[in-house]
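Take a look at the structure set out below.
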Amino acid sequence: MANPVSKPISPQAGDVLVVIDVQNCFLPEGSLAVSEGDRIIPPLNHAIEIFEKRNLPIFFSRDWHPPDHCSFREQGGPWPSHGVQDTEGARFSPHLKVPKVATIISKGTETEKEEYSALYGRDAMGNTLYQHLRKFGIRRIFVGGLATDYCVLNTVRDVLKEGYEVYVLTDAIRAVDANKGDGERSLREMAGKGAKTITTEGIGQ
Ligand code: VGL
Ligand code: ZN
């Protein structure tokens with residue numbers, strides 16, 4: 001794999017964990033199920049515990065679409081309906097550990113706009129993830145979730161563009177793979193742009 005980090009990394013001040021879209025709709029039996037999507041939950045919970053124990057910020061993004069979002073097939077978009085605001089499919093997996101202090105970032109909330117990246121998604125107060133990162137003086141972003149080839153990829157592109165150091169948690173991501181190899185290509189693109197790759201076993205020491 002491209003850009004693997006060989007030594008363990010210990011999260012510290014200036015680090016943040018961003019968990020992308022671990023919602024029922026993207027998990028097995030969901031309306032836009034990502035193959036093996038549920039396999040990322042134990043490693044993600046491990047990473048979440050580490051960041052929580054160290055009082056480091058954690059953000060959970062979610063697709064939070066209106067019922068007539070432009071990305072849905074009924075509206076001429078590419079996807080089956082998913083991530084509809086206030087539905088069961090849009091809830092985080094019941095197995096995912098979401099600490100009370102974590103901040104939830106909603107994205108894709110506008111009917112006419114697709115929004116794969118979580119960076120300019122907003123919390124309940126209207127603050128964007130980017131504003132939070134600035135406020136906390138974040139330098140390094142650890143990222144996992146769904147899906148590698150859409151929301152993870154686009155979030156990583158955006159944060160790299162903004163100059164952050166990025167660690168992609170390779171055991172805590174899975175791809176839609178609408179075209180064979182999309183996940184692998186996405187990982188190569190992220191690494192090519194400077195993202196580092198590490199497994200959740202490689203953090204926390
Ligand atoms: C996503 C497809 C459509 C994702 C969201 O979370 O990666 N993929 N909407
Ligand atoms: Zn979506």
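Following the order of the structure tokens, chains are lettered A, B, ..., residues in each are numbered from 1, and ligands are numbered from 1.
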Dump as JSON lines the rows for residues of chain A within 10 Å of ligand 2: closest atom pair and distance in Å with one decimal, only C-alpha atoms and all ligand atoms counted, ordered by chain and rising residue number.
```
{"residue": "A:Asp21", "atom": "CA", "partner": "ligand 2", "partner_atom_place_in_ligand_line": "1 (Zn)", "distance": 9.2}
{"residue": "A:Cys25", "atom": "CA", "partner": "ligand 2", "partner_atom_place_in_ligand_line": "1 (Zn)", "distance": 9.7}
{"residue": "A:Phe26", "atom": "CA", "partner": "ligand 2", "partner_atom_place_in_ligand_line": "1 (Zn)", "distance": 9.6}
{"residue": "A:Leu32", "atom": "CA", "partner": "ligand 2", "partner_atom_place_in_ligand_line": "1 (Zn)", "distance": 9.1}
{"residue": "A:Arg62", "atom": "CA", "partner": "ligand 2", "partner_atom_place_in_ligand_line": "1 (Zn)", "distance": 8.8}
{"residue": "A:Asp63", "atom": "CA", "partner": "ligand 2", "partner_atom_place_in_ligand_line": "1 (Zn)", "distance": 5.4}
{"residue": "A:Trp64", "atom": "CA", "partner": "ligand 2", "partner_atom_place_in_ligand_line": "1 (Zn)", "distance": 7.6}
{"residue": "A:His65", "atom": "CA", "partner": "ligand 2", "partner_atom_place_in_ligand_line": "1 (Zn)", "distance": 6.8}
{"residue": "A:His69", "atom": "CA", "partner": "ligand 2", "partner_atom_place_in_ligand_line": "1 (Zn)", "distance": 8.5}
{"residue": "A:Cys70", "atom": "CA", "partner": "ligand 2", "partner_atom_place_in_ligand_line": "1 (Zn)", "distance": 9.4}
{"residue": "A:Ser71", "atom": "CA", "partner": "ligand 2", "partner_atom_place_in_ligand_line": "1 (Zn)", "distance": 6.7}
{"residue": "A:Phe72", "atom": "CA", "partner": "ligand 2", "partner_atom_place_in_ligand_line": "1 (Zn)", "distance": 8.2}
{"residue": "A:Pro78", "atom": "CA", "partner": "ligand 2", "partner_atom_place_in_ligand_line": "1 (Zn)", "distance": 9.8}
{"residue": "A:Trp79", "atom": "CA", "partner": "ligand 2", "partner_atom_place_in_ligand_line": "1 (Zn)", "distance": 7.7}
{"residue": "A:Pro80", "atom": "CA", "partner": "ligand 2", "partner_atom_place_in_ligand_line": "1 (Zn)", "distance": 9.2}
{"residue": "A:Ser81", "atom": "CA", "partner": "ligand 2", "partner_atom_place_in_ligand_line": "1 (Zn)", "distance": 8.2}
{"residue": "A:His82", "atom": "CA", "partner": "ligand 2", "partner_atom_place_in_ligand_line": "1 (Zn)", "distance": 6.3}
{"residue": "A:Gly83", "atom": "CA", "partner": "ligand 2", "partner_atom_place_in_ligand_line": "1 (Zn)", "distance": 6.2}
{"residue": "A:Val84", "atom": "CA", "partner": "ligand 2", "partner_atom_place_in_ligand_line": "1 (Zn)", "distance": 8.7}
{"residue": "A:Lys107", "atom": "CA", "partner": "ligand 2", "partner_atom_place_in_ligand_line": "1 (Zn)", "distance": 8.5}
{"residue": "A:Gly108", "atom": "CA", "partner": "ligand 2", "partner_atom_place_in_ligand_line": "1 (Zn)", "distance": 6.5}
{"residue": "A:Thr109", "atom": "CA", "partner": "ligand 2", "partner_atom_place_in_ligand_line": "1 (Zn)", "distance": 9.4}
{"residue": "A:Glu114", "atom": "CA", "partner": "ligand 2", "partner_atom_place_in_ligand_line": "1 (Zn)", "distance": 7.2}
{"residue": "A:Glu115", "atom": "CA", "partner": "ligand 2", "partner_atom_place_in_ligand_line": "1 (Zn)", "distance": 7.3}
{"residue": "A:Tyr116", "atom": "CA", "partner": "ligand 2", "partner_atom_place_in_ligand_line": "1 (Zn)", "distance": 6.8}
{"residue": "A:Tyr150", "atom": "CA", "partner": "ligand 2", "partner_atom_place_in_ligand_line": "1 (Zn)", "distance": 9.0}
{"residue": "A:Cys151", "atom": "CA", "partner": "ligand 2", "partner_atom_place_in_ligand_line": "1 (Zn)", "distance": 8.4}
```
Those selected residues, please, written with N, CA, C and O atoms and delivered as a compact mmCIF listing (two decimals), in the first residue's frame.
```
# COMPACT_ATOMS: atom_id res chain seq x y z
N ASP A 21 -19.53 9.00 7.93
CA ASP A 21 -20.78 8.36 7.45
C ASP A 21 -20.97 6.88 7.83
O ASP A 21 -21.35 6.08 6.96
N CYS A 25 -27.67 3.14 6.48
CA CYS A 25 -27.92 2.99 5.04
C CYS A 25 -26.69 2.47 4.28
O CYS A 25 -26.84 1.84 3.23
N PHE A 26 -25.49 2.70 4.81
CA PHE A 26 -24.27 2.26 4.13
C PHE A 26 -23.76 0.91 4.65
O PHE A 26 -22.74 0.42 4.19
N LEU A 32 -27.95 1.60 0.57
CA LEU A 32 -26.74 1.80 -0.27
C LEU A 32 -25.59 1.08 0.43
O LEU A 32 -24.57 1.67 0.79
N ARG A 62 -22.19 12.78 8.78
CA ARG A 62 -23.32 11.97 8.31
C ARG A 62 -23.91 12.61 7.05
O ARG A 62 -23.96 13.83 6.93
N ASP A 63 -24.33 11.73 6.13
CA ASP A 63 -25.13 12.18 5.00
C ASP A 63 -26.49 12.54 5.58
O ASP A 63 -27.08 11.74 6.32
N TRP A 64 -26.97 13.71 5.26
CA TRP A 64 -28.21 14.19 5.90
C TRP A 64 -29.06 14.85 4.82
O TRP A 64 -29.26 16.06 4.79
N HIS A 65 -29.54 13.97 3.93
CA HIS A 65 -30.21 14.44 2.72
C HIS A 65 -31.69 14.73 2.94
O HIS A 65 -32.36 13.98 3.67
N HIS A 69 -33.44 14.57 -2.50
CA HIS A 69 -32.08 15.01 -2.84
C HIS A 69 -31.73 14.66 -4.29
O HIS A 69 -32.12 13.58 -4.79
N CYS A 70 -30.97 15.52 -4.91
CA CYS A 70 -30.63 15.37 -6.33
C CYS A 70 -29.82 14.12 -6.65
O CYS A 70 -29.76 13.69 -7.80
N SER A 71 -29.18 13.52 -5.65
CA SER A 71 -28.36 12.33 -5.92
C SER A 71 -29.20 11.06 -5.99
O SER A 71 -28.67 10.00 -6.32
N PHE A 72 -30.49 11.16 -5.71
CA PHE A 72 -31.33 9.95 -5.70
C PHE A 72 -31.84 9.65 -7.12
O PHE A 72 -32.11 10.57 -7.89
N PRO A 78 -27.45 9.23 -9.31
CA PRO A 78 -26.86 7.88 -9.43
C PRO A 78 -27.22 6.90 -8.32
O PRO A 78 -26.99 5.70 -8.47
N TRP A 79 -27.78 7.37 -7.21
CA TRP A 79 -27.88 6.50 -6.03
C TRP A 79 -29.32 6.17 -5.64
O TRP A 79 -30.22 6.99 -5.82
N PRO A 80 -29.48 4.98 -5.06
CA PRO A 80 -30.77 4.73 -4.40
C PRO A 80 -30.91 5.72 -3.22
O PRO A 80 -29.90 6.24 -2.74
N SER A 81 -32.12 5.95 -2.81
CA SER A 81 -32.35 6.85 -1.68
C SER A 81 -31.54 6.37 -0.47
O SER A 81 -31.48 5.18 -0.18
N HIS A 82 -30.92 7.30 0.24
CA HIS A 82 -30.10 6.96 1.40
C HIS A 82 -29.90 8.22 2.25
O HIS A 82 -30.07 9.33 1.75
N GLY A 83 -29.54 8.02 3.48
CA GLY A 83 -29.16 9.14 4.34
C GLY A 83 -30.23 10.21 4.46
O GLY A 83 -29.91 11.40 4.58
N VAL A 84 -31.48 9.81 4.42
CA VAL A 84 -32.56 10.80 4.50
C VAL A 84 -32.73 11.26 5.95
O VAL A 84 -32.87 10.43 6.87
N LYS A 107 -24.00 16.80 6.25
CA LYS A 107 -23.63 17.28 4.90
C LYS A 107 -24.64 16.76 3.88
O LYS A 107 -25.40 15.83 4.19
N GLY A 108 -24.63 17.36 2.71
CA GLY A 108 -25.59 16.95 1.69
C GLY A 108 -27.00 17.36 2.04
O GLY A 108 -27.97 16.72 1.64
N THR A 109 -27.13 18.46 2.78
CA THR A 109 -28.43 18.87 3.30
C THR A 109 -29.24 19.70 2.29
O THR A 109 -30.42 19.94 2.51
N GLU A 114 -24.86 17.98 -4.43
CA GLU A 114 -24.18 16.79 -3.92
C GLU A 114 -23.01 17.29 -3.08
O GLU A 114 -22.39 18.31 -3.39
N GLU A 115 -22.75 16.61 -1.98
CA GLU A 115 -21.68 17.05 -1.09
C GLU A 115 -21.05 15.81 -0.47
O GLU A 115 -21.46 15.36 0.58
N TYR A 116 -20.04 15.26 -1.14
CA TYR A 116 -19.37 14.07 -0.61
C TYR A 116 -18.41 14.44 0.53
O TYR A 116 -18.26 13.69 1.48
N TYR A 150 -15.83 7.64 -2.16
CA TYR A 150 -16.70 8.82 -2.28
C TYR A 150 -16.43 9.81 -1.15
O TYR A 150 -15.67 10.76 -1.30
N CYS A 151 -17.04 9.58 -0.01
CA CYS A 151 -16.96 10.61 1.02
C CYS A 151 -15.60 10.65 1.71
O CYS A 151 -15.13 11.73 2.06
```
Env of segment 188-195 of chain A: 8 Å cut, atoms = only C-alpha atoms, seq-sep filter 6 positions within chain, self excluded. Answer as a list in words.
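These residues fall inside the cut-off: Met1, Ala2, Asn3, Leu153, Val156, Arg157, Leu160, Glu165, Val166, Tyr167 and Val168 of chain A.
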Export, as a compact mmCIF listing (two decimals), in the first residue's frame, the selected residues with N, CA and C atoms.
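To be explicit, this is the file written out as result-v5.txt:
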```txt
# COMPACT_ATOMS: atom_id res chain seq x y z
N MET A 1 0.85 -1.21 0.00
CA MET A 1 0.00 0.00 0.00
C MET A 1 0.87 1.25 0.00
N ALA A 2 0.37 2.27 -0.64
CA ALA A 2 1.16 3.49 -0.78
C ALA A 2 1.29 4.23 0.54
N ASN A 3 2.45 4.84 0.75
CA ASN A 3 2.71 5.69 1.92
C ASN A 3 2.41 5.07 3.27
N LEU A 153 -12.69 9.80 0.23
CA LEU A 153 -11.81 10.37 -0.79
C LEU A 153 -11.97 11.89 -0.89
N VAL A 156 -10.69 13.75 2.17
CA VAL A 156 -9.22 13.76 2.21
C VAL A 156 -8.67 14.74 1.17
N ARG A 157 -9.25 14.74 -0.03
CA ARG A 157 -8.81 15.73 -1.04
C ARG A 157 -8.90 17.14 -0.46
N LEU A 160 -6.36 17.87 2.46
CA LEU A 160 -5.00 17.99 1.93
C LEU A 160 -4.83 19.35 1.25
N GLU A 165 -2.05 17.53 7.50
CA GLU A 165 -1.41 16.23 7.39
C GLU A 165 -2.52 15.19 7.60
N VAL A 166 -2.55 14.16 6.76
CA VAL A 166 -3.66 13.20 6.82
C VAL A 166 -3.16 11.78 7.00
N TYR A 167 -3.80 11.06 7.92
CA TYR A 167 -3.57 9.63 8.10
C TYR A 167 -4.87 8.90 7.81
N VAL A 168 -4.85 8.09 6.76
CA VAL A 168 -6.03 7.29 6.41
C VAL A 168 -5.92 5.95 7.15
```
Within segment 99-187 of chain A, find each residue whose DSSP state, derived from the backbone, is strand (DSSP E or B), and express the selection as a ChimeraX atom specification.
/A:103-107,122,128,140-146,165-174
Would you return as a PDB file with all heavy atoms, in the first residue's frame the members of segment 73-146 of chain A that DSSP assigns to helix (DSSP H, G or I) on this structure's backbone?
```
ATOM      1  N   ARG A  73     -31.984   8.362  -7.404  1.00  0.00           N
ATOM      2  CA  ARG A  73     -32.413   7.932  -8.748  1.00  0.00           C
ATOM      3  C   ARG A  73     -33.724   8.569  -9.170  1.00  0.00           C
ATOM      4  O   ARG A  73     -33.901   8.948 -10.328  1.00  0.00           O
ATOM      5  CB  ARG A  73     -32.542   6.407  -8.791  1.00  0.00           C
ATOM      6  CG  ARG A  73     -31.193   5.761  -8.992  1.00  0.00           C
ATOM      7  CD  ARG A  73     -31.265   4.248  -9.054  1.00  0.00           C
ATOM      8  NE  ARG A  73     -29.929   3.703  -8.883  1.00  0.00           N
ATOM      9  CZ  ARG A  73     -29.646   2.579  -8.246  1.00  0.00           C
ATOM     10  NH1 ARG A  73     -30.611   1.855  -7.712  1.00  0.00           N
ATOM     11  NH2 ARG A  73     -28.400   2.176  -8.144  1.00  0.00           N
ATOM     12  N   GLU A  74     -34.647   8.700  -8.213  1.00  0.00           N
ATOM     13  CA  GLU A  74     -35.955   9.290  -8.549  1.00  0.00           C
ATOM     14  C   GLU A  74     -35.795  10.722  -9.060  1.00  0.00           C
ATOM     15  O   GLU A  74     -36.688  11.261  -9.725  1.00  0.00           O
ATOM     16  CB  GLU A  74     -36.895   9.309  -7.331  1.00  0.00           C
ATOM     17  CG  GLU A  74     -37.105   7.964  -6.642  1.00  0.00           C
ATOM     18  CD  GLU A  74     -35.974   7.629  -5.687  1.00  0.00           C
ATOM     19  OE1 GLU A  74     -35.927   8.211  -4.608  1.00  0.00           O
ATOM     20  OE2 GLU A  74     -35.131   6.769  -6.034  1.00  0.00           O
ATOM     21  N   GLN A  75     -34.670  11.349  -8.711  1.00  0.00           N
ATOM     22  CA  GLN A  75     -34.419  12.728  -9.162  1.00  0.00           C
ATOM     23  C   GLN A  75     -33.414  12.746 -10.320  1.00  0.00           C
ATOM     24  O   GLN A  75     -32.890  13.793 -10.671  1.00  0.00           O
ATOM     25  CB  GLN A  75     -33.854  13.593  -8.012  1.00  0.00           C
ATOM     26  CG  GLN A  75     -34.495  13.373  -6.669  1.00  0.00           C
ATOM     27  CD  GLN A  75     -35.977  13.701  -6.682  1.00  0.00           C
ATOM     28  OE1 GLN A  75     -36.404  14.620  -7.360  1.00  0.00           O
ATOM     29  NE2 GLN A  75     -36.769  12.939  -5.942  1.00  0.00           N
ATOM     30  N   GLU A  88     -34.336   5.979   9.927  1.00  0.00           N
ATOM     31  CA  GLU A  88     -33.518   4.919  10.524  1.00  0.00           C
ATOM     32  C   GLU A  88     -32.211   4.734   9.728  1.00  0.00           C
ATOM     33  O   GLU A  88     -31.153   4.530  10.302  1.00  0.00           O
ATOM     34  CB  GLU A  88     -34.335   3.619  10.558  1.00  0.00           C
ATOM     35  CG  GLU A  88     -33.724   2.480  11.330  1.00  0.00           C
ATOM     36  CD  GLU A  88     -33.390   2.824  12.775  1.00  0.00           C
ATOM     37  OE1 GLU A  88     -34.103   3.664  13.384  1.00  0.00           O
ATOM     38  OE2 GLU A  88     -32.397   2.266  13.281  1.00  0.00           O
ATOM     39  N   GLY A  89     -32.312   4.803   8.405  1.00  0.00           N
ATOM     40  CA  GLY A  89     -31.136   4.614   7.550  1.00  0.00           C
ATOM     41  C   GLY A  89     -30.057   5.657   7.799  1.00  0.00           C
ATOM     42  O   GLY A  89     -28.871   5.400   7.598  1.00  0.00           O
ATOM     43  N   ALA A  90     -30.460   6.828   8.228  1.00  0.00           N
ATOM     44  CA  ALA A  90     -29.498   7.917   8.427  1.00  0.00           C
ATOM     45  C   ALA A  90     -28.857   7.887   9.812  1.00  0.00           C
ATOM     46  O   ALA A  90     -27.888   8.602  10.070  1.00  0.00           O
ATOM     47  CB  ALA A  90     -30.180   9.260   8.200  1.00  0.00           C
ATOM     48  N   LEU A 129     -17.040  21.894   9.722  1.00  0.00           N
ATOM     49  CA  LEU A 129     -15.919  21.100  10.237  1.00  0.00           C
ATOM     50  C   LEU A 129     -14.619  21.889  10.081  1.00  0.00           C
ATOM     51  O   LEU A 129     -13.784  21.906  10.984  1.00  0.00           O
ATOM     52  CB  LEU A 129     -15.837  19.763   9.487  1.00  0.00           C
ATOM     53  CG  LEU A 129     -14.623  18.886   9.797  1.00  0.00           C
ATOM     54  CD1 LEU A 129     -14.512  18.562  11.286  1.00  0.00           C
ATOM     55  CD2 LEU A 129     -14.680  17.585   8.979  1.00  0.00           C
ATOM     56  N   TYR A 130     -14.467  22.562   8.962  1.00  0.00           N
ATOM     57  CA  TYR A 130     -13.254  23.347   8.729  1.00  0.00           C
ATOM     58  C   TYR A 130     -13.064  24.414   9.808  1.00  0.00           C
ATOM     59  O   TYR A 130     -11.956  24.599  10.327  1.00  0.00           O
ATOM     60  CB  TYR A 130     -13.309  23.982   7.336  1.00  0.00           C
ATOM     61  CG  TYR A 130     -12.081  24.775   6.977  1.00  0.00           C
ATOM     62  CD1 TYR A 130     -10.813  24.194   7.053  1.00  0.00           C
ATOM     63  CD2 TYR A 130     -12.171  26.096   6.559  1.00  0.00           C
ATOM     64  CE1 TYR A 130      -9.679  24.916   6.723  1.00  0.00           C
ATOM     65  CE2 TYR A 130     -11.041  26.824   6.229  1.00  0.00           C
ATOM     66  CZ  TYR A 130      -9.804  26.229   6.317  1.00  0.00           C
ATOM     67  OH  TYR A 130      -8.678  26.939   5.997  1.00  0.00           O
ATOM     68  N   GLN A 131     -14.152  25.088  10.182  1.00  0.00           N
ATOM     69  CA  GLN A 131     -14.062  26.101  11.247  1.00  0.00           C
ATOM     70  C   GLN A 131     -13.606  25.457  12.559  1.00  0.00           C
ATOM     71  O   GLN A 131     -12.791  26.024  13.288  1.00  0.00           O
ATOM     72  CB  GLN A 131     -15.418  26.800  11.432  1.00  0.00           C
ATOM     73  CG  GLN A 131     -15.760  27.744  10.288  1.00  0.00           C
ATOM     74  CD  GLN A 131     -17.179  28.314  10.396  1.00  0.00           C
ATOM     75  OE1 GLN A 131     -18.104  27.618  10.777  1.00  0.00           O
ATOM     76  NE2 GLN A 131     -17.327  29.582  10.060  1.00  0.00           N
ATOM     77  N   HIS A 132     -14.125  24.268  12.854  1.00  0.00           N
ATOM     78  CA  HIS A 132     -13.699  23.567  14.072  1.00  0.00           C
ATOM     79  C   HIS A 132     -12.207  23.251  14.029  1.00  0.00           C
ATOM     80  O   HIS A 132     -11.488  23.418  15.014  1.00  0.00           O
ATOM     81  CB  HIS A 132     -14.473  22.259  14.240  1.00  0.00           C
ATOM     82  CG  HIS A 132     -15.857  22.425  14.776  1.00  0.00           C
ATOM     83  ND1 HIS A 132     -16.117  22.683  16.106  1.00  0.00           N
ATOM     84  CD2 HIS A 132     -17.064  22.358  14.169  1.00  0.00           C
ATOM     85  CE1 HIS A 132     -17.430  22.766  16.288  1.00  0.00           C
ATOM     86  NE2 HIS A 132     -18.029  22.578  15.124  1.00  0.00           N
ATOM     87  N   LEU A 133     -11.748  22.768  12.893  1.00  0.00           N
ATOM     88  CA  LEU A 133     -10.329  22.395  12.772  1.00  0.00           C
ATOM     89  C   LEU A 133      -9.446  23.619  13.002  1.00  0.00           C
ATOM     90  O   LEU A 133      -8.408  23.535  13.661  1.00  0.00           O
ATOM     91  CB  LEU A 133     -10.048  21.791  11.391  1.00  0.00           C
ATOM     92  CG  LEU A 133     -10.835  20.520  11.028  1.00  0.00           C
ATOM     93  CD1 LEU A 133     -10.432  20.033   9.637  1.00  0.00           C
ATOM     94  CD2 LEU A 133     -10.630  19.427  12.066  1.00  0.00           C
ATOM     95  N   ARG A 134      -9.876  24.746  12.462  1.00  0.00           N
ATOM     96  CA  ARG A 134      -9.123  25.988  12.647  1.00  0.00           C
ATOM     97  C   ARG A 134      -9.111  26.409  14.118  1.00  0.00           C
ATOM     98  O   ARG A 134      -8.083  26.778  14.676  1.00  0.00           O
ATOM     99  CB  ARG A 134      -9.723  27.111  11.780  1.00  0.00           C
ATOM    100  CG  ARG A 134      -9.625  26.840  10.286  1.00  0.00           C
ATOM    101  CD  ARG A 134      -8.192  26.847   9.826  1.00  0.00           C
ATOM    102  NE  ARG A 134      -7.591  28.162  10.023  1.00  0.00           N
ATOM    103  CZ  ARG A 134      -7.481  29.093   9.100  1.00  0.00           C
ATOM    104  NH1 ARG A 134      -7.892  28.850   7.876  1.00  0.00           N
ATOM    105  NH2 ARG A 134      -6.935  30.257   9.369  1.00  0.00           N
ATOM    106  N   LYS A 135     -10.279  26.331  14.719  1.00  0.00           N
ATOM    107  CA  LYS A 135     -10.436  26.769  16.110  1.00  0.00           C
ATOM    108  C   LYS A 135      -9.570  25.922  17.057  1.00  0.00           C
ATOM    109  O   LYS A 135      -8.969  26.440  17.997  1.00  0.00           O
ATOM    110  CB  LYS A 135     -11.913  26.661  16.496  1.00  0.00           C
ATOM    111  CG  LYS A 135     -12.252  27.105  17.901  1.00  0.00           C
ATOM    112  CD  LYS A 135     -13.707  26.745  18.245  1.00  0.00           C
ATOM    113  CE  LYS A 135     -13.887  25.244  18.346  1.00  0.00           C
ATOM    114  NZ  LYS A 135     -15.274  24.798  18.374  1.00  0.00           N
ATOM    115  N   PHE A 136      -9.505  24.604  16.797  1.00  0.00           N
ATOM    116  CA  PHE A 136      -8.724  23.702  17.651  1.00  0.00           C
ATOM    117  C   PHE A 136      -7.234  23.729  17.317  1.00  0.00           C
ATOM    118  O   PHE A 136      -6.450  23.075  17.991  1.00  0.00           O
ATOM    119  CB  PHE A 136      -9.217  22.252  17.501  1.00  0.00           C
ATOM    120  CG  PHE A 136     -10.451  21.928  18.297  1.00  0.00           C
ATOM    121  CD1 PHE A 136     -11.653  21.648  17.665  1.00  0.00           C
ATOM    122  CD2 PHE A 136     -10.400  21.877  19.680  1.00  0.00           C
ATOM    123  CE1 PHE A 136     -12.783  21.333  18.397  1.00  0.00           C
ATOM    124  CE2 PHE A 136     -11.525  21.561  20.428  1.00  0.00           C
ATOM    125  CZ  PHE A 136     -12.727  21.292  19.779  1.00  0.00           C
TER     126      PHE A 136
END
```
Which residues are close to Asn55 of chain A, i.e. within 10 Å by only C-alpha atoms, leaving aside same-chain residues fewer than 5 positions away? Reply as a list in words.
Gln12, Ala13, Glu49, Ile50 and Val101 of chain A
Got time to write the residues from that selection, all heavy atoms, as a tab-separated table (two decimals), in the first residue's frame?
```
chain	number	residue	atom	x	y	z
A	12	GLN	N	-1.92	13.06	19.74
A	12	GLN	CA	-1.56	14.09	20.72
A	12	GLN	C	-2.28	15.39	20.37
A	12	GLN	O	-2.99	15.45	19.36
A	12	GLN	CB	-0.05	14.29	20.68
A	12	GLN	CG	0.44	14.53	19.26
A	12	GLN	CD	1.94	14.60	19.12
A	12	GLN	OE1	2.49	15.69	19.16
A	12	GLN	NE2	2.58	13.45	18.99
A	13	ALA	N	-2.07	16.41	21.17
A	13	ALA	CA	-2.71	17.71	20.90
A	13	ALA	C	-2.41	18.14	19.47
A	13	ALA	O	-1.28	17.99	19.00
A	13	ALA	CB	-2.19	18.75	21.89
A	49	GLU	N	-11.90	5.24	21.05
A	49	GLU	CA	-11.53	5.14	22.47
A	49	GLU	C	-10.22	5.84	22.78
A	49	GLU	O	-10.08	6.50	23.80
A	49	GLU	CB	-11.42	3.67	22.89
A	49	GLU	CG	-12.72	3.11	23.42
A	49	GLU	CD	-12.68	1.60	23.53
A	49	GLU	OE1	-11.59	1.05	23.85
A	49	GLU	OE2	-13.72	0.99	23.26
A	50	ILE	N	-9.27	5.67	21.88
A	50	ILE	CA	-7.96	6.30	22.09
A	50	ILE	C	-8.09	7.82	22.09
A	50	ILE	O	-7.59	8.50	23.00
A	50	ILE	CB	-6.96	5.85	21.00
A	50	ILE	CG1	-6.60	4.38	21.22
A	50	ILE	CG2	-5.72	6.73	21.00
A	50	ILE	CD1	-5.90	3.74	20.04
A	101	VAL	N	-19.47	13.80	23.88
A	101	VAL	CA	-18.79	15.08	23.60
A	101	VAL	C	-18.42	15.27	22.13
A	101	VAL	O	-17.98	16.34	21.74
A	101	VAL	CB	-17.49	15.21	24.45
A	101	VAL	CG1	-17.84	15.32	25.92
A	101	VAL	CG2	-16.54	14.06	24.18
```
Nearest residue to Ala175 of chain A from the set A:Gly77, A:Pro43, A:Pro57, A:Gly37 (distances using only C-alpha atoms)
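Under the stated criterion, the closest residue is A:Gly37.
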Out of A:Ile48, A:Ala118, A:Ala172, A:Val18, which residue has the shortest atom-to-atom distance to ligand 1 when counting only C-alpha atoms and all ligand atoms?
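Once distances to ligand 1 are computed over only C-alpha atoms and all ligand atoms, the minimum belongs to A:Ala118.
The closest residue to Ile58 of chain A, picked from A:Lys180, A:Lys97, A:Lys196, A:Lys161 and counting only C-alpha atoms, is A:Lys97.
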